[in-house]
file my_file.pdb (PDB, C-alpha atoms)
ATOM      1  CA  MET A  27     -35.381 -34.957 -57.293
ATOM      2  CA  THR A  28     -38.820 -33.889 -58.531
ATOM      3  CA  TYR A  29     -39.668 -30.169 -58.580
ATOM      4  CA  TYR A  30     -43.018 -28.405 -58.873
ATOM      5  CA  LEU A  31     -43.776 -24.775 -59.632
ATOM      6  CA  GLY A  32     -47.111 -23.184 -58.794
ATOM      7  CA  ILE A  33     -48.067 -19.779 -60.144
ATOM      8  CA  ASP A  34     -51.028 -17.747 -58.864
ATOM      9  CA  GLY A  35     -51.663 -14.937 -61.332
ATOM     10  CA  GLY A  36     -54.264 -12.440 -60.155
ATOM     11  CA  GLY A  37     -55.434  -9.074 -61.416
ATOM     12  CA  THR A  38     -53.118  -7.227 -59.025
ATOM     13  CA  LYS A  39     -50.220  -9.541 -58.261
ATOM     14  CA  THR A  40     -48.642 -12.827 -59.260
ATOM     15  CA  TYR A  41     -46.980 -15.265 -56.870
ATOM     16  CA  ALA A  42     -44.771 -18.219 -57.731
ATOM     17  CA  LEU A  43     -43.773 -21.009 -55.353
ATOM     18  CA  LEU A  44     -41.292 -23.757 -56.205
ATOM     19  CA  THR A  45     -41.171 -26.928 -54.105
ATOM     20  CA  ASP A  46     -39.605 -30.350 -54.173
ATOM     21  CA  ASP A  47     -41.589 -33.586 -54.033
ATOM     22  CA  CYS A  48     -41.589 -33.474 -50.216
ATOM     23  CA  GLY A  49     -43.254 -30.046 -50.167
ATOM     24  CA  ASN A  50     -40.124 -28.138 -49.131
ATOM     25  CA  VAL A  51     -40.237 -24.569 -50.431
ATOM     26  CA  LEU A  52     -37.122 -23.909 -52.509
ATOM     27  CA  GLY A  53     -37.983 -20.614 -54.168
ATOM     28  CA  LYS A  54     -40.515 -17.795 -54.286
ATOM     29  CA  GLY A  55     -41.201 -15.080 -56.819
ATOM     30  CA  VAL A  56     -43.525 -12.093 -57.117
ATOM     31  CA  GLY A  57     -44.826 -10.112 -60.085
ATOM     32  CA  GLY A  58     -47.611  -7.677 -60.880
ATOM     33  CA  ASN A  59     -50.874  -8.201 -62.758
ATOM     34  CA  GLY A  60     -51.136 -11.763 -64.107
ATOM     35  CA  ASN A  61     -54.538 -11.406 -65.808
ATOM     36  CA  HIS A  62     -54.275 -11.282 -69.609
ATOM     37  CA  GLN A  63     -57.771  -9.753 -69.819
ATOM     38  CA  ILE A  64     -56.537  -6.610 -68.070
ATOM     39  CA  ASP A  65     -53.193  -6.258 -69.909
ATOM     40  CA  HIS A  66     -51.768  -9.128 -71.967
ATOM     41  CA  ALA A  67     -48.193  -7.802 -72.155
ATOM     42  CA  LEU A  68     -48.063  -6.950 -68.458
ATOM     43  CA  ALA A  69     -49.535 -10.343 -67.498
ATOM     44  CA  SER A  70     -46.888 -12.117 -69.550
ATOM     45  CA  GLN A  71     -44.125 -10.028 -67.985
ATOM     46  CA  SER A  72     -45.493 -10.507 -64.446
ATOM     47  CA  ILE A  73     -45.786 -14.282 -64.817
ATOM     48  CA  ARG A  74     -42.241 -14.417 -66.225
ATOM     49  CA  VAL A  75     -40.817 -12.260 -63.402
ATOM     50  CA  ALA A  76     -42.529 -14.341 -60.697
ATOM     51  CA  ALA A  77     -41.431 -17.643 -62.262
ATOM     52  CA  GLU A  78     -37.843 -16.455 -62.768
ATOM     53  CA  GLY A  79     -37.729 -15.213 -59.176
ATOM     54  CA  ALA A  80     -38.688 -18.633 -57.825
ATOM     55  CA  LEU A  81     -36.372 -20.463 -60.231
ATOM     56  CA  ASN A  82     -33.423 -18.185 -59.440
ATOM     57  CA  GLU A  83     -33.930 -18.486 -55.684
ATOM     58  CA  ALA A  84     -33.988 -22.282 -56.025
ATOM     59  CA  GLY A  85     -31.046 -22.321 -58.440
ATOM     60  CA  LEU A  86     -33.070 -24.272 -61.036
ATOM     61  CA  GLN A  87     -33.930 -23.945 -64.729
ATOM     62  CA  ILE A  88     -37.369 -24.353 -66.355
ATOM     63  CA  HIS A  89     -36.397 -27.696 -67.915
ATOM     64  CA  GLU A  90     -35.743 -29.131 -64.425
ATOM     65  CA  ILE A  91     -39.361 -28.564 -63.311
ATOM     66  CA  SER A  92     -41.495 -31.724 -63.428
ATOM     67  CA  HIS A  93     -44.790 -29.837 -63.600
ATOM     68  CA  THR A  94     -45.924 -26.227 -63.455
ATOM     69  CA  TYR A  95     -49.469 -25.350 -62.452
ATOM     70  CA  PHE A  96     -50.790 -21.949 -63.515
ATOM     71  CA  GLY A  97     -53.842 -20.747 -61.575
ATOM     72  CA  LEU A  98     -54.614 -17.608 -63.562
ATOM     73  CA  ALA A  99     -57.263 -14.952 -63.213
ATOM     74  CA  GLY A 100     -58.958 -14.602 -66.570
ATOM     75  CA  ALA A 101     -58.690 -18.306 -67.446
ATOM     76  CA  ASP A 102     -62.448 -18.449 -67.693
ATOM     77  CA  ARG A 103     -63.429 -19.793 -71.117
ATOM     78  CA  GLU A 104     -61.928 -21.675 -74.059
ATOM     79  CA  VAL A 105     -61.042 -18.416 -75.824
ATOM     80  CA  ASP A 106     -58.873 -17.517 -72.808
ATOM     81  CA  TYR A 107     -57.015 -20.841 -72.964
ATOM     82  CA  ARG A 108     -56.251 -20.218 -76.649
ATOM     83  CA  ILE A 109     -54.519 -17.012 -75.516
ATOM     84  CA  LEU A 110     -52.887 -18.391 -72.368
ATOM     85  CA  HIS A 111     -51.221 -21.500 -73.789
ATOM     86  CA  PRO A 112     -49.098 -19.445 -76.238
ATOM     87  CA  LEU A 113     -48.401 -16.895 -73.486
ATOM     88  CA  VAL A 114     -46.866 -19.459 -71.095
ATOM     89  CA  GLN A 115     -45.109 -21.257 -73.949
ATOM     90  CA  GLU A 116     -43.425 -18.000 -75.008
ATOM     91  CA  ILE A 117     -42.096 -17.687 -71.455
ATOM     92  CA  GLY A 118     -40.502 -21.121 -71.837
ATOM     93  CA  PHE A 119     -43.063 -23.514 -70.366
ATOM     94  CA  THR A 120     -43.494 -25.738 -73.409
ATOM     95  CA  GLN A 121     -44.449 -29.005 -71.709
ATOM     96  CA  ASN A 122     -45.547 -30.477 -68.383
ATOM     97  CA  TYR A 123     -47.805 -27.642 -67.339
ATOM     98  CA  SER A 124     -51.487 -27.079 -66.573
ATOM     99  CA  ILE A 125     -53.573 -23.926 -66.700
ATOM    100  CA  ASN A 126     -56.742 -23.407 -64.723
ATOM    101  CA  CYS A 127     -58.726 -20.535 -63.296
ATOM    102  CA  ASP A 128     -57.221 -19.097 -60.120
ATOM    103  CA  THR A 129     -60.455 -19.977 -58.324
ATOM    104  CA  MET A 130     -59.468 -23.646 -58.396
ATOM    105  CA  ILE A 131     -56.207 -23.033 -56.535
ATOM    106  CA  GLY A 132     -58.237 -21.248 -53.864
ATOM    107  CA  LEU A 133     -60.448 -24.315 -53.629
ATOM    108  CA  ARG A 134     -57.486 -26.697 -53.287
ATOM    109  CA  ALA A 135     -55.822 -24.460 -50.696
ATOM    110  CA  GLY A 136     -59.015 -24.170 -48.665
ATOM    111  CA  THR A 137     -59.773 -27.850 -48.093
ATOM    112  CA  ASN A 138     -58.036 -31.197 -47.946
ATOM    113  CA  ARG A 139     -60.914 -32.713 -49.928
ATOM    114  CA  PRO A 140     -60.923 -32.806 -53.736
ATOM    115  CA  TYR A 141     -64.328 -31.090 -53.843
ATOM    116  CA  GLY A 142     -65.972 -27.920 -52.565
ATOM    117  CA  VAL A 143     -66.757 -24.356 -53.604
ATOM    118  CA  ALA A 144     -64.449 -21.347 -53.807
ATOM    119  CA  LEU A 145     -65.218 -17.658 -54.267
ATOM    120  CA  ILE A 146     -62.761 -14.984 -55.372
ATOM    121  CA  CYS A 147     -63.492 -11.385 -54.472
ATOM    122  CA  GLY A 148     -60.312  -9.534 -55.409
ATOM    123  CA  THR A 149     -59.604  -7.255 -58.335
ATOM    124  CA  GLY A 150     -62.398  -9.227 -60.029
ATOM    125  CA  THR A 151     -64.894 -11.832 -58.869
ATOM    126  CA  ASN A 152     -65.198 -15.495 -59.752
ATOM    127  CA  SER A 153     -66.521 -18.736 -58.335
ATOM    128  CA  ALA A 154     -65.987 -22.422 -58.983
ATOM    129  CA  GLY A 155     -67.000 -25.718 -57.513
ATOM    130  CA  ARG A 156     -66.210 -29.391 -57.880
ATOM    131  CA  ASN A 157     -68.460 -32.168 -56.602
ATOM    132  CA  PRO A 158     -67.333 -35.561 -55.227
ATOM    133  CA  ALA A 159     -67.818 -37.085 -58.723
ATOM    134  CA  GLY A 160     -65.215 -34.642 -60.104
ATOM    135  CA  GLU A 161     -67.671 -32.510 -62.082
ATOM    136  CA  HIS A 162     -66.477 -28.917 -62.264
ATOM    137  CA  VAL A 163     -68.441 -25.691 -62.732
ATOM    138  CA  GLN A 164     -66.961 -22.216 -62.934
ATOM    139  CA  VAL A 165     -69.075 -19.035 -62.948
ATOM    140  CA  GLY A 166     -67.810 -15.500 -63.215
ATOM    141  CA  GLY A 167     -65.053 -13.599 -64.886
ATOM    142  CA  PHE A 168     -67.514 -11.913 -67.216
ATOM    143  CA  ASP A 169     -66.467  -8.232 -67.207
ATOM    144  CA  TYR A 170     -67.120  -5.075 -65.239
ATOM    145  CA  MET A 171     -70.191  -4.409 -67.396
ATOM    146  CA  TYR A 172     -71.819  -7.488 -65.819
ATOM    147  CA  GLY A 173     -70.923  -6.576 -62.254
ATOM    148  CA  ASP A 174     -67.623  -8.497 -62.172
ATOM    149  CA  PHE A 175     -65.567  -6.292 -59.937
ATOM    150  CA  GLY A 176     -64.299  -6.595 -56.431
ATOM    151  CA  GLY A 177     -61.470  -4.831 -54.696
TER     152      GLY A 177
END
call {"tool": "encode", "arguments": {"input": "my_file.pdb", "output": "structure tokens"}}
result
Amino acid sequence: MTYYLGIDGGGTKTYALLTDDCGNVLGKGVGGNGNHQIDHALASQSIRVAAEGALNEAGLQIHEISHTYFGLAGADREVDYRILHPLVQEIGFTQNYSINCDTMIGLRAGTNRPYGVALICGTGTNSAGRNPAGEHVQVGGFDYMYGDFGG
């Protein structure tokens, strides 16, 4: 059986959903703030708690997951990815994972097409789009000083 774990880490809460290859939900988990830009230690803890909740509910271990997709608030620029890869690896996700801005999971959830535009207006604001050629642009996640706040 093939298993997939999706983690949506926002500035307020983090959700994890574990499914099999048929899309059956096997486990769910919830944590707090998943944005490393707000609080690195808390984000790490929240992502871990949400992931462990989903894994425990499904009765699975990290090594049994075929792929984990992290849609994380604060995954805005290369400097963020240099912080986030070690963060998820310290939790135990050392291979078969992807990290992207949480805006992209909103885009994928909002349409059955592989292109479109998504806006996030939550604890912070962000936007991203992908065109039919697969080109991707993300704008936002700059800081409260630049008007990046929602709520």
call {"tool": "atom_distance", "arguments": {"input": "my_file.pdb", "atom1": "CA of Cys127 in chain A", "atom2": "CA of Ile109 in chain A"}}
result
13.4 Å
call {"tool": "closest_atom_pairs", "arguments": {"input": "my_file.pdb", "of": "range 118-162 of chain A", "to": "range 44-64 of chain A", "cutoff": "12 Å", "atoms": "all atoms listed in the file", "output": "Markdown table"}}
result
| residue | atom | partner | partner_atom | distance |
| --- | --- | --- | --- | --- |
| A:Cys127 | CA | A:Asn61 | CA | 10.4 |
| A:Asp128 | CA | A:Asn61 | CA | 9.9 |
| A:Thr149 | CA | A:Asn59 | CA | 9.8 |
| A:Gly150 | CA | A:Asn61 | CA | 10.0 |
call {"tool": "residues_around", "arguments": {"input": "my_file.pdb", "residues": "range 92-103 of chain A", "least_positions_apart": "2", "cutoff": "8 Å", "atoms": "only C-alpha atoms", "output": "PyMOL selection string"}}
result
chain A and resi 28-37+60-63+89-90+105-107+110+119+122-131+164+166-167
call {"tool": "atom_distance", "arguments": {"input": "my_file.pdb", "atom1": "CA of Leu113 in chain A", "atom2": "CA of Val165 in chain A"}}
result
23.3 Å
call {"tool": "atom_distance", "arguments": {"input": "my_file.pdb", "atom1": "CA of Thr40 in chain A", "atom2": "CA of Ala76 in chain A"}}
result
6.5 Å
call {"tool": "resolve_selection", "arguments": {"input": "my_file.pdb", "expression": "the PyMOL selection byres ((chain A and resi 145) around 9)", "output": "PyMOL selection string"}}
result
chain A and resi 129+132-133+143-144+146-147+151-155
call {"tool": "closest_residue", "arguments": {"input": "my_file.pdb", "among": "A:Met27, A:Gly79, A:Pro140, A:Ala69", "to": "Ala42 in chain A", "atoms": "all atoms listed in the file"}}
result
A:Gly79
call {"tool": "closest_residue", "arguments": {"input": "my_file.pdb", "among": "A:Leu86, A:Ala135, A:Gln115, A:Leu81", "to": "Leu43 in chain A", "atoms": "all atoms listed in the file"}}
result
A:Leu81
call {"tool": "closest_residue", "arguments": {"input": "my_file.pdb", "among": "A:Gly118, A:Gly136, A:Gly85, A:Gly142", "to": "Asn157 in chain A", "atoms": "only C-alpha atoms"}}
result
A:Gly142
call {"tool": "closest_residue", "arguments": {"input": "my_file.pdb", "among": "A:Ala84, A:Ile91, A:Leu68, A:Ile73", "to": "Gln121 in chain A", "atoms": "all atoms listed in the file"}}
result
A:Ile91
call {"tool": "axis_aligned_box", "arguments": {"input": "my_file.pdb", "around": "range 150-158 of chain A", "padding_each_side": "4 Å", "output": "lines of an AutoDock Vina configuration file"}}
result
center_x = -65.4
center_y = -22.4
center_z = -57.6
size_x = 14.1
size_y = 34.3
size_z = 12.8
call {"tool": "closest_residue", "arguments": {"input": "my_file.pdb", "among": "A:Ser70, A:Val75, A:Tyr141, A:Glu104", "to": "His162 in chain A", "atoms": "only C-alpha atoms"}}
result
A:Tyr141
call {"tool": "build_atoms", "arguments": {"input": "my_file.pdb", "residues": "range 81-93 of chain A", "atoms": "N, CA, C and O atoms", "output": "tab-separated table (two decimals), in the frame of the given file"}}
result
chain	number	residue	atom	x	y	z
A	81	LEU	N	-37.42	-19.62	-59.65
A	81	LEU	CA	-36.37	-20.46	-60.23
A	81	LEU	C	-34.98	-20.01	-59.80
A	81	LEU	O	-34.14	-20.84	-59.41
A	82	ASN	N	-34.73	-18.71	-59.84
A	82	ASN	CA	-33.42	-18.18	-59.44
A	82	ASN	C	-33.13	-18.45	-57.97
A	82	ASN	O	-32.01	-18.82	-57.61
A	83	GLU	N	-34.13	-18.25	-57.11
A	83	GLU	CA	-33.93	-18.49	-55.68
A	83	GLU	C	-33.61	-19.95	-55.42
A	83	GLU	O	-32.82	-20.27	-54.54
A	84	ALA	N	-34.22	-20.84	-56.20
A	84	ALA	CA	-33.99	-22.28	-56.02
A	84	ALA	C	-32.74	-22.76	-56.77
A	84	ALA	O	-32.29	-23.89	-56.55
A	85	GLY	N	-32.20	-21.92	-57.66
A	85	GLY	CA	-31.05	-22.32	-58.44
A	85	GLY	C	-31.39	-23.37	-59.49
A	85	GLY	O	-30.57	-24.23	-59.81
A	86	LEU	N	-32.61	-23.30	-60.04
A	86	LEU	CA	-33.07	-24.27	-61.04
A	86	LEU	C	-33.41	-23.59	-62.35
A	86	LEU	O	-33.59	-22.37	-62.41
A	87	GLN	N	-33.53	-24.40	-63.41
A	87	GLN	CA	-33.93	-23.94	-64.73
A	87	GLN	C	-35.31	-24.52	-65.05
A	87	GLN	O	-35.71	-25.54	-64.48
A	88	ILE	N	-36.02	-23.90	-65.99
A	88	ILE	CA	-37.37	-24.35	-66.36
A	88	ILE	C	-37.38	-25.84	-66.71
A	88	ILE	O	-38.27	-26.56	-66.29
A	89	HIS	N	-36.40	-26.30	-67.46
A	89	HIS	CA	-36.40	-27.70	-67.92
A	89	HIS	C	-36.26	-28.71	-66.76
A	89	HIS	O	-36.51	-29.88	-66.94
A	90	GLU	N	-35.87	-28.24	-65.58
A	90	GLU	CA	-35.74	-29.13	-64.42
A	90	GLU	C	-37.06	-29.30	-63.66
A	90	GLU	O	-37.15	-30.14	-62.77
A	91	ILE	N	-38.08	-28.52	-64.01
A	91	ILE	CA	-39.36	-28.56	-63.31
A	91	ILE	C	-40.20	-29.72	-63.88
A	91	ILE	O	-40.41	-29.80	-65.08
A	92	SER	N	-40.69	-30.58	-63.00
A	92	SER	CA	-41.50	-31.72	-63.43
A	92	SER	C	-42.88	-31.30	-63.90
A	92	SER	O	-43.41	-31.86	-64.85
A	93	HIS	N	-43.47	-30.34	-63.20
A	93	HIS	CA	-44.79	-29.84	-63.60
A	93	HIS	C	-44.97	-28.43	-63.05
A	93	HIS	O	-44.58	-28.14	-61.92
